[in-house]
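Structure first, commentary second.
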Amino acid sequence: MVAITLPDGSQRQYDGAVTGTDIAESISKSLAKKALAVKVDGVVCDLFGEIAEDATVEIITRDHPDALDIIRHDTAHLLAQAVQELFPGTQVTIGPNIADGFFYDFARDEPFSSDDLAKIEKRMGQIVEEARPTRKEVWGREAAIAHFKALGETYKAEIIADLPEGEDISIYYHGDWHDLCRGPHLPSTKHIGKAFKLMKLAGAYWRGDHRNAMLQRIYGTAWASEKDLKAYLLRLEEAEKRDHRKLGREMDLFHFQAEAQGSVFWHANGFLIWRALEAYIRRRLDADGYVEVKTPQLLDAKLWEMSGHWSKFRDSMFVVPDEIPSMDDDAPVLTGDADLMALKPMNCPAHVQIFKQGIKSYRDLPIRMAEFGCCHRNEAHGALHGLMRVRQMTQDDAHIFCREDQIIEETKQFLDLFSRVYKDMGLTEIAYKLATRPEQRAGDDATWDRAERALADSLTAAGLEFDIAEGEGAFYGPKLEFHLTDAIGRTWQAGTYQLDYILPERLDASYVDETGARQRPVMLHRAVFGTFERFIGLLIEHYAGKLPLWLAPVQVVVATITSEADDYARETAAAFAAKGVRVDLDIRNEKINYKVREHSLAKIPVIAVVGAREAEEKKVSLRRMGERNQEVVARDAAITALTQEALAPDMRQAE
């Protein structure tokens with residue numbers, strides 16, 4: 001007998017081995033029709049696989065959290081089938097799931113075209129309608145290698161040859177088409193549905209190595225329903241409109257160029273946003289008891305070796321030799337004795353150097369040390385992406401040096417600061433994750449146990465729910481991750497908070513406790529925005545360029561209807577400027593509708609329109625971006641209201 005325990009706790013007995021299909025049919029015919037796969041003792045398995053021992057079983061249907069991964073996996077196989085049927089001789093290599101979809105890499109002499117994608121997608125739909133049944137076979141290693149070599153699938157044969165000795169070689173069939181795969185898979189191609197779309201073509205080196213052959217990659221997306229697919233495509237369309245690189249050009253905020261790969265040229269308008277954010281977060285830090293410091297850009301490699309960053313991040317650091325002048329002339333030359341220097345990729349070792357100056361007492365702690373530190377990281381050209389991934393960045397970085405008994409209170413205080421800041425930014429949906437020890441790390445397990453427990457206790461004390469991100473911590477300590485949801489439902493990771501016992505030990509930082517003994521401080525690495533570059537990019541996309549009034553580079557434009565109002569417009573603009581409002585004046589000889597349209601495209605929040613009547617009555621006609629209606633108000637009242645609205649949120653609250 002085989003006892004099967006269902007999710008509701010009920011138990012069913014079967015005479016012998018059963019499949020997921022058998023179990024679903026014994027519950028109800030309707031469930032059997034909806035079933036896609038089965039979860040056996042927490043492991044997702046094929047619906048048609050045998051269950052020969054007592055187990056806890058859950059039937060996976062289309063709305064189950066695990067269903068989408070299987071659907072996308074099968075859609076990748078569907079793509080490979082269609083390609084090989086339409087383009088005989090094409091080799092399939094690997095085709096994994098990725099965020100929001102899947103891809104498959106193909107070896108083919110002739111390049112695919114965008115027209116080919118439409119043909120492939122059509123053929124995929126036909127294969128779905130054919131309802132090709134799925135089955136699994138387990139082959140011997142040598143037989144599998146010989147089989148795929150005979151088919152001309154040399155890449156597949158190489159993958160099998162590299163698998164560990166003794167590992168099962170599982171082959172999945174969809175009709176007659178088959179591929180090496182661990183599974184699990186849906187019962188037939190019919191179960192995939194047609195909520196998929198091929199998105200783009202790209203090149204990819206075999207196994208990610210530039211020394212290997214270049215393959216052709218086809219990206220696709222797949223969803224559980226056509227409704228979900230349409231929503232995703234609409235989100236992509238909206239994301240394209242919000243692309244910070246496009247809006248950055250339109251709003252004259254910044255640009256990039258080849259002579260400074262990965263570094264931003266901030267224009268006046270863009271730097272106004274930067275300055276507003278910097279002033280805001282500086283006020284928040286001052287109120288929270290931080291001291292602000294400034295540390296060198298270039299530091300000796302010895303310091304990075306001591307901290308452990310040299311072995312971990314050396315390839316991502318910009319390294320320069322410390323040139324030694326020759327004895328023969330004044331020109332500097334390189335010698336074998338030249339020391340290496342590096343542009344700092346992070347600020348933490350430098351902050352430890354400040355902490356170490358003079359003797360620190362337990363009474364001095366916590367010390368909250370902040371720096372708007374400019375850092376450099378040698379990101380690969382292909383990884384650079386506008387403001388989101390740059391080589392030169394400025395962090396709103398800080399390090400808190402504290403005693404172990406202060407960890408929870410310091411963490412709670414930071415989480416409160418983080419929450420207040422992001423509420424001010426209009427980002428209130430935050431998910432918290434505790435990232436635990438990575439495989440490559442410094443420190444022993446006991447130290448990591450203490451650090452992870454301290455962060456978990458801090459989150460609990462703050463009343464926050466959190467998930468565990470296994471193995472995602474920093475190499476010197478666990479960290480809190482903050483995942484923010486923007487206006488169109490995308491998730492961003494911003495800010496960081498890390499607990500570190502390791503760096504104070506490596507760099508010999510200490511304080512004197514109440515007994516006179518030296519102790520190591522705990523070091524809390526934290527940033528609220530993360531980097532100014534990425535955070536500004538995030539805000540531009542979240543608001544689609546329509547920034548809140550306090551962040552807008554130009555907050556108000558005073559525009560004339562007729563030249564008769566020019567003097568009044570100048571006077572009005574001057575009155576706004578006197579109150580600290582960032583204002584532009586538009587008295588060009590253009591029609592007012594043209595001016596309004598132009599300033600709306602430039603994402604100016606408020607247009608104050610003035611004509612002869614407004615000049616006579618000392619009024620302005622206010623047009624808000626995105627609104628059709630206009631409001632005619634007394635000029636002084638408009639200036640008072642907009643001056644208050646143009647203040648940063650923390651300053652408005654203080655009024």
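Chains: A, B, ... in order of the structure tokens. Residues: from 1 per chain. Ligands: from 1, in order shown.
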Run DSSP on the backbone of this structure and report the residues of region 214-428 of chain A it assigns to strand (DSSP E or B), as a ChimeraX atom specification. /A:214-222,254-255,265-266,290-292,298-300,319-322,324-325,332-333,339-343,361,367-376,385,389,392-402
DSSP helix (DSSP H, G or I) residues within region 16-108 of chain A, as a ChimeraX atom specification: /A:20-27,29-34,67-86
Which neighbours of region 571-580 of chain A fall inside 10 Å, counting only C-alpha atoms, when residues of the same chain fewer than 6 positions from it are skipped, and could you give them as a list of chain:residue names?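 So the residues in contact are A:Gln555, A:Val556, A:Val557, A:Val558, A:Ala559, A:Ala565, A:Asp586, A:Ala608, A:Val610, A:Ala615, A:Lys618, A:Lys619, A:Val620, A:Arg635, A:Asp636, A:Ala638, A:Ile639, A:Thr640, A:Leu642, A:Thr643, A:Gln644, A:Ala646, A:Leu647.
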Rank nothing, just name the residue among A:Thr21, A:Lys194, A:Ser28, A:Thr56 nearest to Ile4 (chain A), using only C-alpha atoms.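 Distance minimum relative to Ile4 (chain A) lands on A:Thr56.
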Could you give me, as a PyMOL selection string, the residues within 7 Å of region 405-413 of chain A, counting only C-alpha atoms and dropping anything in the same chain fewer than 3 positions from it? chain A and resi 402+416-417+458+462
Which residue of A:Leu180, A:Met625, A:Leu343, A:Ala24 approaches Cys374 (chain A) most closely, using only C-alpha atoms: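 Between A:Leu180, A:Met625, A:Leu343, A:Ala24, the residue approaching Cys374 (chain A) most closely is A:Leu343.
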Selected residue of minimal separation from Phe106 (chain A) among A:Thr19, A:Arg182, A:Leu215, A:Arg624, counting only C-alpha atoms: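 Using only C-alpha atoms, the shortest distance to Phe106 (chain A) belongs to A:Leu215.
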For Ser225 (chain A), which of A:Pro296, A:Gly193, A:Gly203, A:Pro88 is the closest residue, counting only C-alpha atoms?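 Of the candidates, the smallest distance to Ser225 (chain A) is held by A:Gly193.
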Please report, as a Markdown table, each residue of region 400-470 of chain A lying at most 9 Å from region 542-551 of chain A, together with the nearest pair of atoms and the separation in Å rounded to one decimal; use only C-alpha atoms, and order rows by chain and ascending residue number.
| residue | atom | partner | partner_atom | distance |
| --- | --- | --- | --- | --- |
| A:Met425 | CA | A:Pro548 | CA | 8.6 |
| A:Gly426 | CA | A:His542 | CA | 9.0 |
| A:Leu427 | CA | A:His542 | CA | 8.7 |
Excluding Trp274 (chain A) and residues on its chain fewer than 3 positions from it, collect all residues at most 10 Å away from it, counting only C-alpha atoms, and give them as a list in words.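 Contacts, in chain order: Trp266, Ala268, Asn269, Gly270, Phe271, Leu277, Glu278, Ala279, Tyr280, Phe532, Glu533, Phe535, Ile536, Leu551 and Pro553 of chain A.
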Shell of 12 Å around region 147-150 of chain A, only C-alpha atoms, local chain residues under 4 positions omitted, as number ranges by chain: A: 91-93, 139-143, 154-161, 171, 178-180
Could those residues be written to a file, using N, CA and C atoms, as an mmCIF file, in the first residue's frame?
data_model
loop_
_atom_site.group_PDB
_atom_site.id
_atom_site.type_symbol
_atom_site.label_atom_id
_atom_site.label_comp_id
_atom_site.auth_asym_id
_atom_site.auth_seq_id
_atom_site.Cartn_x
_atom_site.Cartn_y
_atom_site.Cartn_z
ATOM 1 N N GLN A 91 21.625 23.147 -34.482
ATOM 2 C CA GLN A 91 21.878 22.435 -33.228
ATOM 3 C C GLN A 91 21.290 23.219 -32.057
ATOM 4 N N VAL A 92 20.685 22.490 -31.112
ATOM 5 C CA VAL A 92 20.214 23.127 -29.883
ATOM 6 C C VAL A 92 21.275 22.932 -28.808
ATOM 7 N N THR A 93 21.445 23.932 -27.959
ATOM 8 C CA THR A 93 22.457 23.819 -26.899
ATOM 9 C C THR A 93 21.786 23.854 -25.528
ATOM 10 N N TRP A 139 18.843 7.066 -20.155
ATOM 11 C CA TRP A 139 19.789 6.366 -21.017
ATOM 12 C C TRP A 139 21.139 6.213 -20.327
ATOM 13 N N GLY A 140 21.919 5.296 -20.845
ATOM 14 C CA GLY A 140 23.308 5.176 -20.423
ATOM 15 C C GLY A 140 24.129 6.323 -21.008
ATOM 16 N N ARG A 141 25.187 6.664 -20.318
ATOM 17 C CA ARG A 141 26.015 7.812 -20.705
ATOM 18 C C ARG A 141 26.584 7.671 -22.121
ATOM 19 N N GLU A 142 27.259 6.556 -22.386
ATOM 20 C CA GLU A 142 27.911 6.387 -23.684
ATOM 21 C C GLU A 142 26.886 6.301 -24.812
ATOM 22 N N ALA A 143 25.751 5.636 -24.534
ATOM 23 C CA ALA A 143 24.699 5.534 -25.548
ATOM 24 C C ALA A 143 24.146 6.917 -25.884
ATOM 25 N N THR A 154 26.630 18.006 -31.662
ATOM 26 C CA THR A 154 27.918 17.914 -30.965
ATOM 27 C C THR A 154 27.914 18.668 -29.637
ATOM 28 N N TYR A 155 27.194 19.781 -29.581
ATOM 29 C CA TYR A 155 27.134 20.548 -28.329
ATOM 30 C C TYR A 155 26.442 19.734 -27.243
ATOM 31 N N LYS A 156 25.350 19.069 -27.624
ATOM 32 C CA LYS A 156 24.615 18.261 -26.657
ATOM 33 C C LYS A 156 25.488 17.100 -26.173
ATOM 34 N N ALA A 157 26.236 16.480 -27.094
ATOM 35 C CA ALA A 157 27.128 15.385 -26.713
ATOM 36 C C ALA A 157 28.196 15.872 -25.741
ATOM 37 N N GLU A 158 28.688 17.090 -25.949
ATOM 38 C CA GLU A 158 29.703 17.659 -25.051
ATOM 39 C C GLU A 158 29.132 17.895 -23.658
ATOM 40 N N ILE A 159 27.888 18.374 -23.598
ATOM 41 C CA ILE A 159 27.252 18.590 -22.295
ATOM 42 C C ILE A 159 27.160 17.277 -21.529
ATOM 43 N N ILE A 160 26.733 16.214 -22.218
ATOM 44 C CA ILE A 160 26.581 14.909 -21.567
ATOM 45 C C ILE A 160 27.942 14.386 -21.099
ATOM 46 N N ALA A 161 28.969 14.546 -21.932
ATOM 47 C CA ALA A 161 30.304 14.061 -21.578
ATOM 48 C C ALA A 161 30.840 14.749 -20.331
ATOM 49 N N ILE A 171 16.255 11.871 -20.754
ATOM 50 C CA ILE A 171 15.877 12.374 -22.069
ATOM 51 C C ILE A 171 14.362 12.551 -22.082
ATOM 52 N N HIS A 178 13.155 15.104 -29.096
ATOM 53 C CA HIS A 178 13.643 14.832 -27.751
ATOM 54 C C HIS A 178 14.911 15.621 -27.462
ATOM 55 N N ASP A 179 15.166 15.762 -26.162
ATOM 56 C CA ASP A 179 16.312 16.558 -25.733
ATOM 57 C C ASP A 179 16.780 16.078 -24.368
ATOM 58 N N LEU A 180 18.061 16.298 -24.108
ATOM 59 C CA LEU A 180 18.622 16.066 -22.781
ATOM 60 C C LEU A 180 17.994 17.068 -21.817
#
List as a PDB file with C-alpha atoms, in the first residue's frame the protein and nucleic acid residues near region 478-488 of chain A, meaning an atom at most 9 Å away when only C-alpha atoms are counted, but skip any in the same chain fewer than 2 places from it.
ATOM      1  CA  ARG A 235       4.245  46.801 -18.840  1.00  0.00           C
ATOM      2  CA  GLU A 238       5.159  51.457 -20.456  1.00  0.00           C
ATOM      3  CA  ALA A 239       8.712  50.733 -19.304  1.00  0.00           C
ATOM      4  CA  GLY A 426       6.766  58.113  -3.108  1.00  0.00           C
ATOM      5  CA  LEU A 427       8.049  54.537  -2.817  1.00  0.00           C
ATOM      6  CA  THR A 428       6.113  52.866  -0.025  1.00  0.00           C
ATOM      7  CA  GLU A 429       5.887  49.226  -1.094  1.00  0.00           C
ATOM      8  CA  ILE A 430       9.047  47.631   0.364  1.00  0.00           C
ATOM      9  CA  ALA A 431       9.853  43.932   0.735  1.00  0.00           C
ATOM     10  CA  TYR A 432      12.680  42.972   3.106  1.00  0.00           C
ATOM     11  CA  LYS A 433      15.101  40.078   2.623  1.00  0.00           C
ATOM     12  CA  LEU A 434      17.866  38.798   4.862  1.00  0.00           C
ATOM     13  CA  ALA A 435      20.767  37.672   2.642  1.00  0.00           C
ATOM     14  CA  THR A 436      22.809  34.952   4.355  1.00  0.00           C
ATOM     15  CA  ARG A 437      26.378  33.639   4.053  1.00  0.00           C
ATOM     16  CA  PRO A 438      27.709  33.119   0.523  1.00  0.00           C
ATOM     17  CA  TRP A 448      28.292  34.224  10.708  1.00  0.00           C
ATOM     18  CA  ALA A 451      25.759  38.108  12.595  1.00  0.00           C
ATOM     19  CA  GLU A 452      22.773  36.464  10.910  1.00  0.00           C
ATOM     20  CA  LEU A 455      20.078  40.936  11.872  1.00  0.00           C
ATOM     21  CA  ALA A 469      17.869  35.060   0.467  1.00  0.00           C
ATOM     22  CA  GLY A 471      23.801  32.624   0.019  1.00  0.00           C
ATOM     23  CA  GLU A 472      23.307  36.229  -1.157  1.00  0.00           C
ATOM     24  CA  GLY A 473      25.193  37.999   1.639  1.00  0.00           C
ATOM     25  CA  ALA A 474      28.372  40.065   1.265  1.00  0.00           C
ATOM     26  CA  PHE A 475      31.670  38.212   1.639  1.00  0.00           C
ATOM     27  CA  TYR A 476      32.248  39.765   5.082  1.00  0.00           C
ATOM     28  CA  ARG A 490       8.556  46.500 -11.360  1.00  0.00           C
ATOM     29  CA  THR A 491      10.808  45.556  -8.468  1.00  0.00           C
ATOM     30  CA  TRP A 492      14.055  47.418  -7.780  1.00  0.00           C
ATOM     31  CA  GLN A 493      16.728  46.717  -5.206  1.00  0.00           C
ATOM     32  CA  ALA A 494      17.934  49.917  -3.581  1.00  0.00           C
ATOM     33  CA  GLY A 495      19.850  50.753  -0.441  1.00  0.00           C
ATOM     34  CA  THR A 496      21.746  48.237   1.655  1.00  0.00           C
ATOM     35  CA  TYR A 497      22.482  47.348   5.257  1.00  0.00           C
ATOM     36  CA  GLN A 498      25.247  44.900   6.214  1.00  0.00           C
ATOM     37  CA  LEU A 499      26.504  43.644   9.540  1.00  0.00           C
ATOM     38  CA  ASP A 500      30.253  43.091   9.672  1.00  0.00           C
ATOM     39  CA  HIS A 525      27.596  49.243   6.410  1.00  0.00           C
ATOM     40  CA  LEU A 538      14.907  54.776 -10.621  1.00  0.00           C
ATOM     41  CA  LEU A 539      13.017  57.978  -9.749  1.00  0.00           C
ATOM     42  CA  GLU A 541      11.356  55.819 -14.420  1.00  0.00           C
ATOM     43  CA  HIS A 542       9.017  55.589 -11.412  1.00  0.00           C
ATOM     44  CA  TYR A 543       7.600  59.040 -12.138  1.00  0.00           C
ATOM     45  CA  ALA A 544       7.937  58.739 -15.949  1.00  0.00           C
TER      46      ALA A 544
END
With distances taken over only C-alpha atoms, which residue among A:Cys181, A:Val44, A:Leu78, A:Ala552 lies nearest Ile94 (chain A)?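 Using only C-alpha atoms, the shortest distance to Ile94 (chain A) belongs to A:Cys181.
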CA of Ala146 (chain A) and CA of Leu163 (chain A), how far apart in Å?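 Calculated distance between CA of Leu163 (chain A) and CA of Ala146 (chain A) is 14.7 Å.
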How many Å lie between CA of Val554 (chain A) and CA of Glu627 (chain A), rounded to one decimal? 17.8 Å
What gap, in Å, lies between CA of His599 (chain A) and CA of Met251 (chain A)? 10.0 Å
Pick from A:Gly49, A:Gly248, A:Gly530, A:Pro133: nearest to Pro184 (chain A), with only C-alpha atoms counted?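 Between A:Gly49, A:Gly248, A:Gly530, A:Pro133, the residue approaching Pro184 (chain A) most closely is A:Gly49.
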